[in-house]
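Presented below is the structure to which this report refers.
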Amino acid sequence: MEFEGILLGMGNPLLDISAVVDQEFLDKYDLKMNNAILAEEKHLPMYEELASKYKVEYIAGGATQNSIRVAQWMLQKPGATGYMGSIGKDKFGEEMKKNAREAGVNVHYYEDDSPTGTCGVCVLGGERSLVANLSAANCYKPDHLKKPENWALVEKAKYYYIAGFFLTVSPESIMLVAEHAIAKNKVFCTNLSAPFILSSSRMYKTKYYSTWTMFSGMKQKQELSPKFMAGRQRMLQKIALKISQLPKASGTHKRVTVITQGADPVVVAEDGKVKLLSVIPLPKEKLVDTNGAGDAFVGGFLSQLVQERSIEDCVRAGCYAANVIIQRPGCTYPEKPEFK
């Protein structure tokens, strides 16, 4: 199988500013754990406060970029993945380019005059709250995608992954890639990403549902009664099945819906059926940071999907990648995977 350029991602490249914080900081900026939001004016001072008050780490991030980096790591085949998004003409942008290329990803960034986007990663008790200040990441232009050297990546790829976050930035670019996927019978994958994407869904027409495999993540914030959990599981399975049966613009590839839910089984819906697949258990004392866990799951999943492996193998790889990432700070990983 020819792997060069087989997987292409597009999204919002962000520099993660990650720190372990206290509850007082979360309350000050009205932040909730296990949530991801776009920064409002009230959040803008938090980035400087993070850097001055806490010990921070700077990590190249952004949901789709994380997933593509993890897929590249899992594949261990240089140049198998590509990525496009918008960064600033600054030192953070240069660091982003360096990190991505060292990871083996073929990046074609649009460079804007705005500062490179950042994401405040506030960690407490192993859980995280994300606050993204898109800045340059919010400035991606379809004209960049249409340039011959960039569109060549689209034509070469057989699989595409664009997280829901990019819907707020360049839906026109998404549609250009999706329509190409339909015309050439390729596979298009996306992610529901965060609650605010769903609450803004009225902005996006149903035509965006094309050849997509869909990922979603749901986390349990507290201990719930067995009766409630049983009802919740039944509801999740119905939701997964409903999403998998939504109308599609192409009938070449079936839609597969995948819902992750932290330590609980992964819900998979395809061909009118639902199955539950176990995750890898991890003792709580080994949990370091859940930031990037969902991104890593997607990356692991995609690394097997592009090799035409079974959905079970894709989920197993996703669970492995997520398990590795949550035992480390940020979306980072060792030199080589041990997945078989």
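Chain identifiers are assigned as A, B, and so on, following the order in which chains appear in the structure tokens; residues are numbered from 1 within each chain, and ligands are numbered from 1 in order of appearance.
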Secondary structure check, alpha helix (DSSP H) residues of region 67-293 of chain A, as a PDB file with N, CA, C and O atoms, in the first residue's frame:
```
ATOM      1  N   SER A  67      -4.514  15.121  16.320  1.00  0.00           N
ATOM      2  CA  SER A  67      -4.924  13.820  15.774  1.00  0.00           C
ATOM      3  C   SER A  67      -4.012  13.391  14.635  1.00  0.00           C
ATOM      4  O   SER A  67      -3.640  12.211  14.538  1.00  0.00           O
ATOM      5  N   ILE A  68      -3.653  14.333  13.766  1.00  0.00           N
ATOM      6  CA  ILE A  68      -2.781  14.005  12.636  1.00  0.00           C
ATOM      7  C   ILE A  68      -1.388  13.631  13.129  1.00  0.00           C
ATOM      8  O   ILE A  68      -0.764  12.681  12.625  1.00  0.00           O
ATOM      9  N   ARG A  69      -0.880  14.341  14.126  1.00  0.00           N
ATOM     10  CA  ARG A  69       0.428  14.001  14.697  1.00  0.00           C
ATOM     11  C   ARG A  69       0.420  12.604  15.292  1.00  0.00           C
ATOM     12  O   ARG A  69       1.371  11.822  15.110  1.00  0.00           O
ATOM     13  N   VAL A  70      -0.648  12.265  16.011  1.00  0.00           N
ATOM     14  CA  VAL A  70      -0.740  10.937  16.626  1.00  0.00           C
ATOM     15  C   VAL A  70      -0.865   9.856  15.556  1.00  0.00           C
ATOM     16  O   VAL A  70      -0.244   8.787  15.649  1.00  0.00           O
ATOM     17  N   ALA A  71      -1.656  10.121  14.518  1.00  0.00           N
ATOM     18  CA  ALA A  71      -1.780   9.154  13.419  1.00  0.00           C
ATOM     19  C   ALA A  71      -0.422   8.919  12.763  1.00  0.00           C
ATOM     20  O   ALA A  71      -0.053   7.771  12.454  1.00  0.00           O
ATOM     21  N   GLN A  72       0.332  10.001  12.560  1.00  0.00           N
ATOM     22  CA  GLN A  72       1.670   9.888  11.978  1.00  0.00           C
ATOM     23  C   GLN A  72       2.576   9.043  12.870  1.00  0.00           C
ATOM     24  O   GLN A  72       3.330   8.187  12.390  1.00  0.00           O
ATOM     25  N   TRP A  73       2.505   9.285  14.171  1.00  0.00           N
ATOM     26  CA  TRP A  73       3.305   8.520  15.141  1.00  0.00           C
ATOM     27  C   TRP A  73       2.931   7.043  15.113  1.00  0.00           C
ATOM     28  O   TRP A  73       3.809   6.171  15.118  1.00  0.00           O
ATOM     29  N   MET A  74       1.664   6.752  15.067  1.00  0.00           N
ATOM     30  CA  MET A  74       1.200   5.364  15.037  1.00  0.00           C
ATOM     31  C   MET A  74       1.614   4.668  13.736  1.00  0.00           C
ATOM     32  O   MET A  74       1.961   3.484  13.729  1.00  0.00           O
ATOM     33  N   LEU A  75       1.592   5.386  12.626  1.00  0.00           N
ATOM     34  CA  LEU A  75       1.925   4.797  11.325  1.00  0.00           C
ATOM     35  C   LEU A  75       3.426   4.579  11.151  1.00  0.00           C
ATOM     36  O   LEU A  75       3.846   3.636  10.470  1.00  0.00           O
ATOM     37  N   LYS A  91       7.308  33.862  16.292  1.00  0.00           N
ATOM     38  CA  LYS A  91       8.142  32.774  16.807  1.00  0.00           C
ATOM     39  C   LYS A  91       7.310  31.548  17.168  1.00  0.00           C
ATOM     40  O   LYS A  91       7.784  30.411  17.035  1.00  0.00           O
ATOM     41  N   PHE A  92       6.062  31.762  17.621  1.00  0.00           N
ATOM     42  CA  PHE A  92       5.211  30.617  17.927  1.00  0.00           C
ATOM     43  C   PHE A  92       4.857  29.855  16.644  1.00  0.00           C
ATOM     44  O   PHE A  92       4.787  28.635  16.632  1.00  0.00           O
ATOM     45  N   GLY A  93       4.636  30.593  15.560  1.00  0.00           N
ATOM     46  CA  GLY A  93       4.359  29.962  14.283  1.00  0.00           C
ATOM     47  C   GLY A  93       5.549  29.154  13.792  1.00  0.00           C
ATOM     48  O   GLY A  93       5.397  28.033  13.278  1.00  0.00           O
ATOM     49  N   GLU A  94       6.751  29.712  13.946  1.00  0.00           N
ATOM     50  CA  GLU A  94       7.964  28.992  13.538  1.00  0.00           C
ATOM     51  C   GLU A  94       8.147  27.736  14.378  1.00  0.00           C
ATOM     52  O   GLU A  94       8.553  26.685  13.860  1.00  0.00           O
ATOM     53  N   GLU A  95       7.843  27.829  15.672  1.00  0.00           N
ATOM     54  CA  GLU A  95       7.941  26.663  16.557  1.00  0.00           C
ATOM     55  C   GLU A  95       6.933  25.597  16.142  1.00  0.00           C
ATOM     56  O   GLU A  95       7.229  24.395  16.168  1.00  0.00           O
ATOM     57  N   MET A  96       5.745  26.035  15.733  1.00  0.00           N
ATOM     58  CA  MET A  96       4.714  25.105  15.278  1.00  0.00           C
ATOM     59  C   MET A  96       5.196  24.336  14.054  1.00  0.00           C
ATOM     60  O   MET A  96       5.058  23.117  13.968  1.00  0.00           O
ATOM     61  N   LYS A  97       5.758  25.063  13.087  1.00  0.00           N
ATOM     62  CA  LYS A  97       6.263  24.423  11.871  1.00  0.00           C
ATOM     63  C   LYS A  97       7.362  23.411  12.198  1.00  0.00           C
ATOM     64  O   LYS A  97       7.375  22.292  11.675  1.00  0.00           O
ATOM     65  N   LYS A  98       8.257  23.800  13.066  1.00  0.00           N
ATOM     66  CA  LYS A  98       9.367  22.924  13.451  1.00  0.00           C
ATOM     67  C   LYS A  98       8.856  21.644  14.106  1.00  0.00           C
ATOM     68  O   LYS A  98       9.264  20.530  13.739  1.00  0.00           O
ATOM     69  N   ASN A  99       7.929  21.802  15.063  1.00  0.00           N
ATOM     70  CA  ASN A  99       7.412  20.635  15.788  1.00  0.00           C
ATOM     71  C   ASN A  99       6.664  19.682  14.866  1.00  0.00           C
ATOM     72  O   ASN A  99       6.813  18.456  14.951  1.00  0.00           O
ATOM     73  N   ALA A 100       5.844  20.236  13.973  1.00  0.00           N
ATOM     74  CA  ALA A 100       5.047  19.397  13.078  1.00  0.00           C
ATOM     75  C   ALA A 100       5.937  18.618  12.118  1.00  0.00           C
ATOM     76  O   ALA A 100       5.727  17.431  11.863  1.00  0.00           O
ATOM     77  N   ARG A 101       6.938  19.295  11.574  1.00  0.00           N
ATOM     78  CA  ARG A 101       7.832  18.626  10.623  1.00  0.00           C
ATOM     79  C   ARG A 101       8.700  17.582  11.310  1.00  0.00           C
ATOM     80  O   ARG A 101       8.990  16.523  10.734  1.00  0.00           O
ATOM     81  N   GLU A 102       9.106  17.861  12.543  1.00  0.00           N
ATOM     82  CA  GLU A 102       9.864  16.856  13.304  1.00  0.00           C
ATOM     83  C   GLU A 102       9.005  15.622  13.575  1.00  0.00           C
ATOM     84  O   GLU A 102       9.523  14.510  13.683  1.00  0.00           O
ATOM     85  N   PRO A 142      -9.984  29.996   1.847  1.00  0.00           N
ATOM     86  CA  PRO A 142     -10.107  28.977   0.800  1.00  0.00           C
ATOM     87  C   PRO A 142      -9.109  29.167  -0.339  1.00  0.00           C
ATOM     88  O   PRO A 142      -8.709  28.198  -0.991  1.00  0.00           O
ATOM     89  N   ASP A 143      -8.699  30.417  -0.572  1.00  0.00           N
ATOM     90  CA  ASP A 143      -7.734  30.678  -1.641  1.00  0.00           C
ATOM     91  C   ASP A 143      -6.422  29.942  -1.396  1.00  0.00           C
ATOM     92  O   ASP A 143      -5.740  29.534  -2.350  1.00  0.00           O
ATOM     93  N   HIS A 144      -6.052  29.781  -0.138  1.00  0.00           N
ATOM     94  CA  HIS A 144      -4.840  29.026   0.190  1.00  0.00           C
ATOM     95  C   HIS A 144      -5.011  27.566  -0.195  1.00  0.00           C
ATOM     96  O   HIS A 144      -4.106  26.943  -0.773  1.00  0.00           O
ATOM     97  N   LEU A 145      -6.175  27.022   0.101  1.00  0.00           N
ATOM     98  CA  LEU A 145      -6.466  25.622  -0.237  1.00  0.00           C
ATOM     99  C   LEU A 145      -6.421  25.397  -1.748  1.00  0.00           C
ATOM    100  O   LEU A 145      -5.978  24.346  -2.223  1.00  0.00           O
ATOM    101  N   LYS A 146      -6.869  26.401  -2.505  1.00  0.00           N
ATOM    102  CA  LYS A 146      -6.977  26.255  -3.961  1.00  0.00           C
ATOM    103  C   LYS A 146      -5.636  26.377  -4.691  1.00  0.00           C
ATOM    104  O   LYS A 146      -5.556  26.063  -5.879  1.00  0.00           O
ATOM    105  N   PRO A 148      -2.280  25.427  -6.292  1.00  0.00           N
ATOM    106  CA  PRO A 148      -1.928  24.102  -6.837  1.00  0.00           C
ATOM    107  C   PRO A 148      -1.093  23.245  -5.896  1.00  0.00           C
ATOM    108  O   PRO A 148      -1.346  22.039  -5.761  1.00  0.00           O
ATOM    109  N   GLU A 149      -0.112  23.852  -5.222  1.00  0.00           N
ATOM    110  CA  GLU A 149       0.754  23.066  -4.335  1.00  0.00           C
ATOM    111  C   GLU A 149       0.011  22.548  -3.109  1.00  0.00           C
ATOM    112  O   GLU A 149       0.410  21.533  -2.509  1.00  0.00           O
ATOM    113  N   ASN A 150      -1.085  23.232  -2.733  1.00  0.00           N
ATOM    114  CA  ASN A 150      -1.876  22.782  -1.584  1.00  0.00           C
ATOM    115  C   ASN A 150      -2.985  21.836  -2.020  1.00  0.00           C
ATOM    116  O   ASN A 150      -3.248  20.820  -1.356  1.00  0.00           O
ATOM    117  N   TRP A 151      -3.651  22.155  -3.115  1.00  0.00           N
ATOM    118  CA  TRP A 151      -4.707  21.271  -3.605  1.00  0.00           C
ATOM    119  C   TRP A 151      -4.136  19.905  -3.998  1.00  0.00           C
ATOM    120  O   TRP A 151      -4.835  18.896  -3.954  1.00  0.00           O
ATOM    121  N   ALA A 152      -2.843  19.867  -4.320  1.00  0.00           N
ATOM    122  CA  ALA A 152      -2.191  18.592  -4.645  1.00  0.00           C
ATOM    123  C   ALA A 152      -2.262  17.628  -3.458  1.00  0.00           C
ATOM    124  O   ALA A 152      -2.372  16.405  -3.646  1.00  0.00           O
ATOM    125  N   LEU A 153      -2.225  18.170  -2.228  1.00  0.00           N
ATOM    126  CA  LEU A 153      -2.348  17.321  -1.036  1.00  0.00           C
ATOM    127  C   LEU A 153      -3.746  16.710  -0.958  1.00  0.00           C
ATOM    128  O   LEU A 153      -3.907  15.559  -0.560  1.00  0.00           O
ATOM    129  N   VAL A 154      -4.758  17.516  -1.339  1.00  0.00           N
ATOM    130  CA  VAL A 154      -6.138  17.029  -1.343  1.00  0.00           C
ATOM    131  C   VAL A 154      -6.288  15.907  -2.362  1.00  0.00           C
ATOM    132  O   VAL A 154      -6.886  14.859  -2.074  1.00  0.00           O
ATOM    133  N   GLU A 155      -5.734  16.105  -3.541  1.00  0.00           N
ATOM    134  CA  GLU A 155      -5.870  15.104  -4.601  1.00  0.00           C
ATOM    135  C   GLU A 155      -5.134  13.815  -4.261  1.00  0.00           C
ATOM    136  O   GLU A 155      -5.589  12.725  -4.613  1.00  0.00           O
ATOM    137  N   LYS A 156      -4.017  13.927  -3.576  1.00  0.00           N
ATOM    138  CA  LYS A 156      -3.222  12.742  -3.247  1.00  0.00           C
ATOM    139  C   LYS A 156      -3.843  11.920  -2.123  1.00  0.00           C
ATOM    140  O   LYS A 156      -3.776  10.689  -2.118  1.00  0.00           O
ATOM    141  N   PRO A 171     -16.030  27.078   6.605  1.00  0.00           N
ATOM    142  CA  PRO A 171     -16.912  26.035   6.068  1.00  0.00           C
ATOM    143  C   PRO A 171     -16.770  25.867   4.556  1.00  0.00           C
ATOM    144  O   PRO A 171     -16.963  24.769   4.038  1.00  0.00           O
ATOM    145  N   GLU A 172     -16.403  26.945   3.847  1.00  0.00           N
ATOM    146  CA  GLU A 172     -16.210  26.835   2.396  1.00  0.00           C
ATOM    147  C   GLU A 172     -15.067  25.874   2.072  1.00  0.00           C
ATOM    148  O   GLU A 172     -15.160  25.058   1.142  1.00  0.00           O
ATOM    149  N   SER A 173     -13.992  25.943   2.857  1.00  0.00           N
ATOM    150  CA  SER A 173     -12.868  25.032   2.645  1.00  0.00           C
ATOM    151  C   SER A 173     -13.278  23.594   2.930  1.00  0.00           C
ATOM    152  O   SER A 173     -12.890  22.662   2.208  1.00  0.00           O
ATOM    153  N   ILE A 174     -14.067  23.414   3.976  1.00  0.00           N
ATOM    154  CA  ILE A 174     -14.547  22.077   4.315  1.00  0.00           C
ATOM    155  C   ILE A 174     -15.345  21.493   3.151  1.00  0.00           C
ATOM    156  O   ILE A 174     -15.167  20.333   2.761  1.00  0.00           O
ATOM    157  N   MET A 175     -16.216  22.306   2.580  1.00  0.00           N
ATOM    158  CA  MET A 175     -17.058  21.824   1.493  1.00  0.00           C
ATOM    159  C   MET A 175     -16.257  21.503   0.239  1.00  0.00           C
ATOM    160  O   MET A 175     -16.568  20.561  -0.486  1.00  0.00           O
ATOM    161  N   LEU A 176     -15.209  22.271  -0.025  1.00  0.00           N
ATOM    162  CA  LEU A 176     -14.356  21.970  -1.174  1.00  0.00           C
ATOM    163  C   LEU A 176     -13.752  20.573  -1.043  1.00  0.00           C
ATOM    164  O   LEU A 176     -13.732  19.795  -2.006  1.00  0.00           O
ATOM    165  N   VAL A 177     -13.274  20.253   0.157  1.00  0.00           N
ATOM    166  CA  VAL A 177     -12.675  18.934   0.389  1.00  0.00           C
ATOM    167  C   VAL A 177     -13.747  17.845   0.392  1.00  0.00           C
ATOM    168  O   VAL A 177     -13.569  16.780  -0.207  1.00  0.00           O
ATOM    169  N   ALA A 178     -14.882  18.122   1.040  1.00  0.00           N
ATOM    170  CA  ALA A 178     -15.958  17.132   1.113  1.00  0.00           C
ATOM    171  C   ALA A 178     -16.498  16.794  -0.274  1.00  0.00           C
ATOM    172  O   ALA A 178     -16.755  15.624  -0.595  1.00  0.00           O
ATOM    173  N   GLU A 179     -16.659  17.822  -1.105  1.00  0.00           N
ATOM    174  CA  GLU A 179     -17.180  17.585  -2.456  1.00  0.00           C
ATOM    175  C   GLU A 179     -16.182  16.803  -3.309  1.00  0.00           C
ATOM    176  O   GLU A 179     -16.562  15.970  -4.136  1.00  0.00           O
ATOM    177  N   HIS A 180     -14.889  17.047  -3.085  1.00  0.00           N
ATOM    178  CA  HIS A 180     -13.867  16.250  -3.769  1.00  0.00           C
ATOM    179  C   HIS A 180     -13.943  14.796  -3.304  1.00  0.00           C
ATOM    180  O   HIS A 180     -13.836  13.867  -4.127  1.00  0.00           O
ATOM    181  N   ALA A 181     -14.127  14.601  -1.986  1.00  0.00           N
ATOM    182  CA  ALA A 181     -14.231  13.243  -1.448  1.00  0.00           C
ATOM    183  C   ALA A 181     -15.410  12.492  -2.071  1.00  0.00           C
ATOM    184  O   ALA A 181     -15.306  11.307  -2.405  1.00  0.00           O
ATOM    185  N   ILE A 182     -16.532  13.186  -2.237  1.00  0.00           N
ATOM    186  CA  ILE A 182     -17.711  12.576  -2.850  1.00  0.00           C
ATOM    187  C   ILE A 182     -17.426  12.206  -4.308  1.00  0.00           C
ATOM    188  O   ILE A 182     -17.698  11.087  -4.744  1.00  0.00           O
ATOM    189  N   ALA A 183     -16.842  13.144  -5.039  1.00  0.00           N
ATOM    190  CA  ALA A 183     -16.602  12.936  -6.471  1.00  0.00           C
ATOM    191  C   ALA A 183     -15.621  11.805  -6.731  1.00  0.00           C
ATOM    192  O   ALA A 183     -15.745  11.072  -7.725  1.00  0.00           O
ATOM    193  N   PRO A 195     -19.532  21.020  22.900  1.00  0.00           N
ATOM    194  CA  PRO A 195     -20.938  21.431  22.990  1.00  0.00           C
ATOM    195  C   PRO A 195     -21.266  22.707  22.225  1.00  0.00           C
ATOM    196  O   PRO A 195     -22.348  22.816  21.636  1.00  0.00           O
ATOM    197  N   PHE A 196     -20.345  23.684  22.201  1.00  0.00           N
ATOM    198  CA  PHE A 196     -20.691  24.942  21.529  1.00  0.00           C
ATOM    199  C   PHE A 196     -20.835  24.751  20.021  1.00  0.00           C
ATOM    200  O   PHE A 196     -21.554  25.514  19.370  1.00  0.00           O
ATOM    201  N   ILE A 197     -20.177  23.747  19.461  1.00  0.00           N
ATOM    202  CA  ILE A 197     -20.351  23.451  18.040  1.00  0.00           C
ATOM    203  C   ILE A 197     -21.772  22.969  17.784  1.00  0.00           C
ATOM    204  O   ILE A 197     -22.437  23.387  16.832  1.00  0.00           O
ATOM    205  N   LEU A 198     -22.261  22.107  18.662  1.00  0.00           N
ATOM    206  CA  LEU A 198     -23.619  21.583  18.504  1.00  0.00           C
ATOM    207  C   LEU A 198     -24.654  22.672  18.731  1.00  0.00           C
ATOM    208  O   LEU A 198     -25.668  22.734  18.027  1.00  0.00           O
ATOM    209  N   SER A 199     -24.408  23.544  19.695  1.00  0.00           N
ATOM    210  CA  SER A 199     -25.384  24.601  19.986  1.00  0.00           C
ATOM    211  C   SER A 199     -25.434  25.626  18.869  1.00  0.00           C
ATOM    212  O   SER A 199     -26.406  26.371  18.740  1.00  0.00           O
ATOM    213  N   PRO A 226     -26.720   3.328  39.029  1.00  0.00           N
ATOM    214  CA  PRO A 226     -26.737   2.324  37.962  1.00  0.00           C
ATOM    215  C   PRO A 226     -27.948   2.469  37.046  1.00  0.00           C
ATOM    216  O   PRO A 226     -27.844   2.274  35.836  1.00  0.00           O
ATOM    217  N   LYS A 227     -29.102   2.830  37.630  1.00  0.00           N
ATOM    218  CA  LYS A 227     -30.316   2.985  36.826  1.00  0.00           C
ATOM    219  C   LYS A 227     -30.155   4.133  35.836  1.00  0.00           C
ATOM    220  O   LYS A 227     -30.506   4.015  34.653  1.00  0.00           O
ATOM    221  N   PHE A 228     -29.599   5.252  36.322  1.00  0.00           N
ATOM    222  CA  PHE A 228     -29.386   6.403  35.443  1.00  0.00           C
ATOM    223  C   PHE A 228     -28.398   6.051  34.347  1.00  0.00           C
ATOM    224  O   PHE A 228     -28.590   6.395  33.173  1.00  0.00           O
ATOM    225  N   MET A 229     -27.300   5.355  34.727  1.00  0.00           N
ATOM    226  CA  MET A 229     -26.271   5.010  33.758  1.00  0.00           C
ATOM    227  C   MET A 229     -26.816   4.072  32.686  1.00  0.00           C
ATOM    228  O   MET A 229     -26.478   4.199  31.505  1.00  0.00           O
ATOM    229  N   ALA A 230     -27.665   3.140  33.084  1.00  0.00           N
ATOM    230  CA  ALA A 230     -28.249   2.212  32.108  1.00  0.00           C
ATOM    231  C   ALA A 230     -29.109   2.973  31.101  1.00  0.00           C
ATOM    232  O   ALA A 230     -29.054   2.721  29.890  1.00  0.00           O
ATOM    233  N   GLY A 231     -29.892   3.941  31.593  1.00  0.00           N
ATOM    234  CA  GLY A 231     -30.713   4.758  30.708  1.00  0.00           C
ATOM    235  C   GLY A 231     -29.864   5.620  29.790  1.00  0.00           C
ATOM    236  O   GLY A 231     -30.175   5.791  28.612  1.00  0.00           O
ATOM    237  N   ARG A 232     -28.782   6.139  30.340  1.00  0.00           N
ATOM    238  CA  ARG A 232     -27.863   6.975  29.557  1.00  0.00           C
ATOM    239  C   ARG A 232     -27.229   6.157  28.427  1.00  0.00           C
ATOM    240  O   ARG A 232     -27.109   6.639  27.293  1.00  0.00           O
ATOM    241  N   GLN A 233     -26.837   4.939  28.751  1.00  0.00           N
ATOM    242  CA  GLN A 233     -26.221   4.088  27.733  1.00  0.00           C
ATOM    243  C   GLN A 233     -27.202   3.764  26.608  1.00  0.00           C
ATOM    244  O   GLN A 233     -26.834   3.780  25.424  1.00  0.00           O
ATOM    245  N   ARG A 234     -28.427   3.496  26.962  1.00  0.00           N
ATOM    246  CA  ARG A 234     -29.442   3.212  25.931  1.00  0.00           C
ATOM    247  C   ARG A 234     -29.652   4.434  25.039  1.00  0.00           C
ATOM    248  O   ARG A 234     -29.779   4.297  23.809  1.00  0.00           O
ATOM    249  N   MET A 235     -29.695   5.615  25.660  1.00  0.00           N
ATOM    250  CA  MET A 235     -29.884   6.835  24.892  1.00  0.00           C
ATOM    251  C   MET A 235     -28.702   7.093  23.950  1.00  0.00           C
ATOM    252  O   MET A 235     -28.873   7.449  22.780  1.00  0.00           O
ATOM    253  N   LEU A 236     -27.468   6.889  24.457  1.00  0.00           N
ATOM    254  CA  LEU A 236     -26.279   7.082  23.631  1.00  0.00           C
ATOM    255  C   LEU A 236     -26.285   6.147  22.423  1.00  0.00           C
ATOM    256  O   LEU A 236     -25.912   6.539  21.320  1.00  0.00           O
ATOM    257  N   GLN A 237     -26.710   4.921  22.641  1.00  0.00           N
ATOM    258  CA  GLN A 237     -26.747   3.962  21.543  1.00  0.00           C
ATOM    259  C   GLN A 237     -27.765   4.378  20.489  1.00  0.00           C
ATOM    260  O   GLN A 237     -27.525   4.247  19.283  1.00  0.00           O
ATOM    261  N   LYS A 238     -28.895   4.911  20.937  1.00  0.00           N
ATOM    262  CA  LYS A 238     -29.902   5.399  19.987  1.00  0.00           C
ATOM    263  C   LYS A 238     -29.373   6.594  19.201  1.00  0.00           C
ATOM    264  O   LYS A 238     -29.602   6.723  17.995  1.00  0.00           O
ATOM    265  N   ILE A 239     -28.670   7.491  19.899  1.00  0.00           N
ATOM    266  CA  ILE A 239     -28.103   8.676  19.240  1.00  0.00           C
ATOM    267  C   ILE A 239     -27.078   8.256  18.189  1.00  0.00           C
ATOM    268  O   ILE A 239     -27.081   8.749  17.056  1.00  0.00           O
ATOM    269  N   ALA A 240     -26.193   7.326  18.572  1.00  0.00           N
ATOM    270  CA  ALA A 240     -25.173   6.857  17.633  1.00  0.00           C
ATOM    271  C   ALA A 240     -25.813   6.255  16.395  1.00  0.00           C
ATOM    272  O   ALA A 240     -25.388   6.521  15.255  1.00  0.00           O
ATOM    273  N   LEU A 241     -26.832   5.451  16.607  1.00  0.00           N
ATOM    274  CA  LEU A 241     -27.513   4.807  15.489  1.00  0.00           C
ATOM    275  C   LEU A 241     -28.186   5.844  14.591  1.00  0.00           C
ATOM    276  O   LEU A 241     -28.112   5.754  13.356  1.00  0.00           O
ATOM    277  N   LYS A 242     -28.833   6.834  15.216  1.00  0.00           N
ATOM    278  CA  LYS A 242     -29.518   7.875  14.456  1.00  0.00           C
ATOM    279  C   LYS A 242     -28.530   8.664  13.587  1.00  0.00           C
ATOM    280  O   LYS A 242     -28.792   8.930  12.403  1.00  0.00           O
ATOM    281  N   ILE A 243     -27.388   9.030  14.161  1.00  0.00           N
ATOM    282  CA  ILE A 243     -26.382   9.778  13.403  1.00  0.00           C
ATOM    283  C   ILE A 243     -25.876   8.952  12.225  1.00  0.00           C
ATOM    284  O   ILE A 243     -25.708   9.456  11.112  1.00  0.00           O
ATOM    285  N   SER A 244     -25.661   7.661  12.458  1.00  0.00           N
ATOM    286  CA  SER A 244     -25.121   6.804  11.395  1.00  0.00           C
ATOM    287  C   SER A 244     -26.103   6.650  10.236  1.00  0.00           C
ATOM    288  O   SER A 244     -25.704   6.279   9.131  1.00  0.00           O
ATOM    289  N   ALA A 293      -6.716  13.526  24.947  1.00  0.00           N
ATOM    290  CA  ALA A 293      -7.117  12.119  24.948  1.00  0.00           C
ATOM    291  C   ALA A 293      -8.029  11.794  23.767  1.00  0.00           C
ATOM    292  O   ALA A 293      -7.828  10.801  23.058  1.00  0.00           O
TER     293      ALA A 293
END
```
Find the residues around Ile6 (chain A) up to 8 Å (only C-alpha atoms counted), leave out those fewer than 3 positions away in its own chain, and share them as an MDAnalysis selection string. chainID A and resid 2:3 80:81 156:159 306
Excluding Ala317 (chain A) and residues on its chain fewer than 2 positions from it, collect all residues at most 8 Å away from it, counting only C-alpha atoms, and give them as a ChimeraX atom specification. /A:297,300-301,303-304,313-315,319-321,339
Store the residues picked out above, limited to N, CA, C and O atoms, as a CSV table (one decimal), in the first residue's frame.
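See again_38.csv below for the written result:
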```
chain,number,residue,atom,x,y,z
A,297,PHE,N,-7.3,9.5,20.5
A,297,PHE,CA,-8.1,8.4,20.1
A,297,PHE,C,-8.4,8.4,18.6
A,297,PHE,O,-8.3,7.5,17.9
A,300,GLY,N,-5.2,7.5,16.6
A,300,GLY,CA,-5.0,6.0,16.6
A,300,GLY,C,-6.0,5.3,15.7
A,300,GLY,O,-5.6,4.4,14.9
A,301,PHE,N,-7.3,5.8,15.8
A,301,PHE,CA,-8.3,5.2,15.0
A,301,PHE,C,-8.0,5.4,13.5
A,301,PHE,O,-8.0,4.4,12.7
A,303,SER,N,-5.1,5.9,12.1
A,303,SER,CA,-3.9,5.2,11.6
A,303,SER,C,-4.3,3.8,11.1
A,303,SER,O,-3.5,3.2,10.3
A,304,GLN,N,-5.3,3.2,11.7
A,304,GLN,CA,-5.7,1.8,11.2
A,304,GLN,C,-6.8,1.9,10.1
A,304,GLN,O,-6.8,1.1,9.2
A,313,ASP,N,-10.3,-3.0,15.1
A,313,ASP,CA,-8.9,-2.7,15.2
A,313,ASP,C,-8.7,-1.2,15.3
A,313,ASP,O,-7.8,-0.7,16.0
A,314,CYS,N,-9.5,-0.4,14.6
A,314,CYS,CA,-9.4,1.0,14.6
A,314,CYS,C,-9.7,1.6,16.1
A,314,CYS,O,-9.0,2.4,16.6
A,315,VAL,N,-10.7,1.0,16.7
A,315,VAL,CA,-11.1,1.4,18.1
A,315,VAL,C,-10.0,1.0,19.0
A,315,VAL,O,-9.6,1.8,19.9
A,319,CYS,N,-7.9,3.5,21.4
A,319,CYS,CA,-7.9,3.4,22.9
A,319,CYS,C,-6.4,3.3,23.3
A,319,CYS,O,-6.1,3.8,24.4
A,320,TYR,N,-5.6,2.6,22.6
A,320,TYR,CA,-4.2,2.5,22.9
A,320,TYR,C,-3.5,3.9,22.9
A,320,TYR,O,-2.9,4.3,23.9
A,321,ALA,N,-3.8,4.7,21.8
A,321,ALA,CA,-3.2,6.0,21.7
A,321,ALA,C,-3.6,6.9,22.9
A,321,ALA,O,-2.8,7.6,23.5
A,339,PHE,N,2.0,-0.5,19.9
A,339,PHE,CA,0.7,-1.1,19.4
A,339,PHE,C,1.0,-2.2,18.4
A,339,PHE,O,1.8,-2.0,17.5
```
Please, what distance in Å, to one decimal, runs between CA of Asn66 (chain A) and CA of Asp289 (chain A)? 14.6 Å
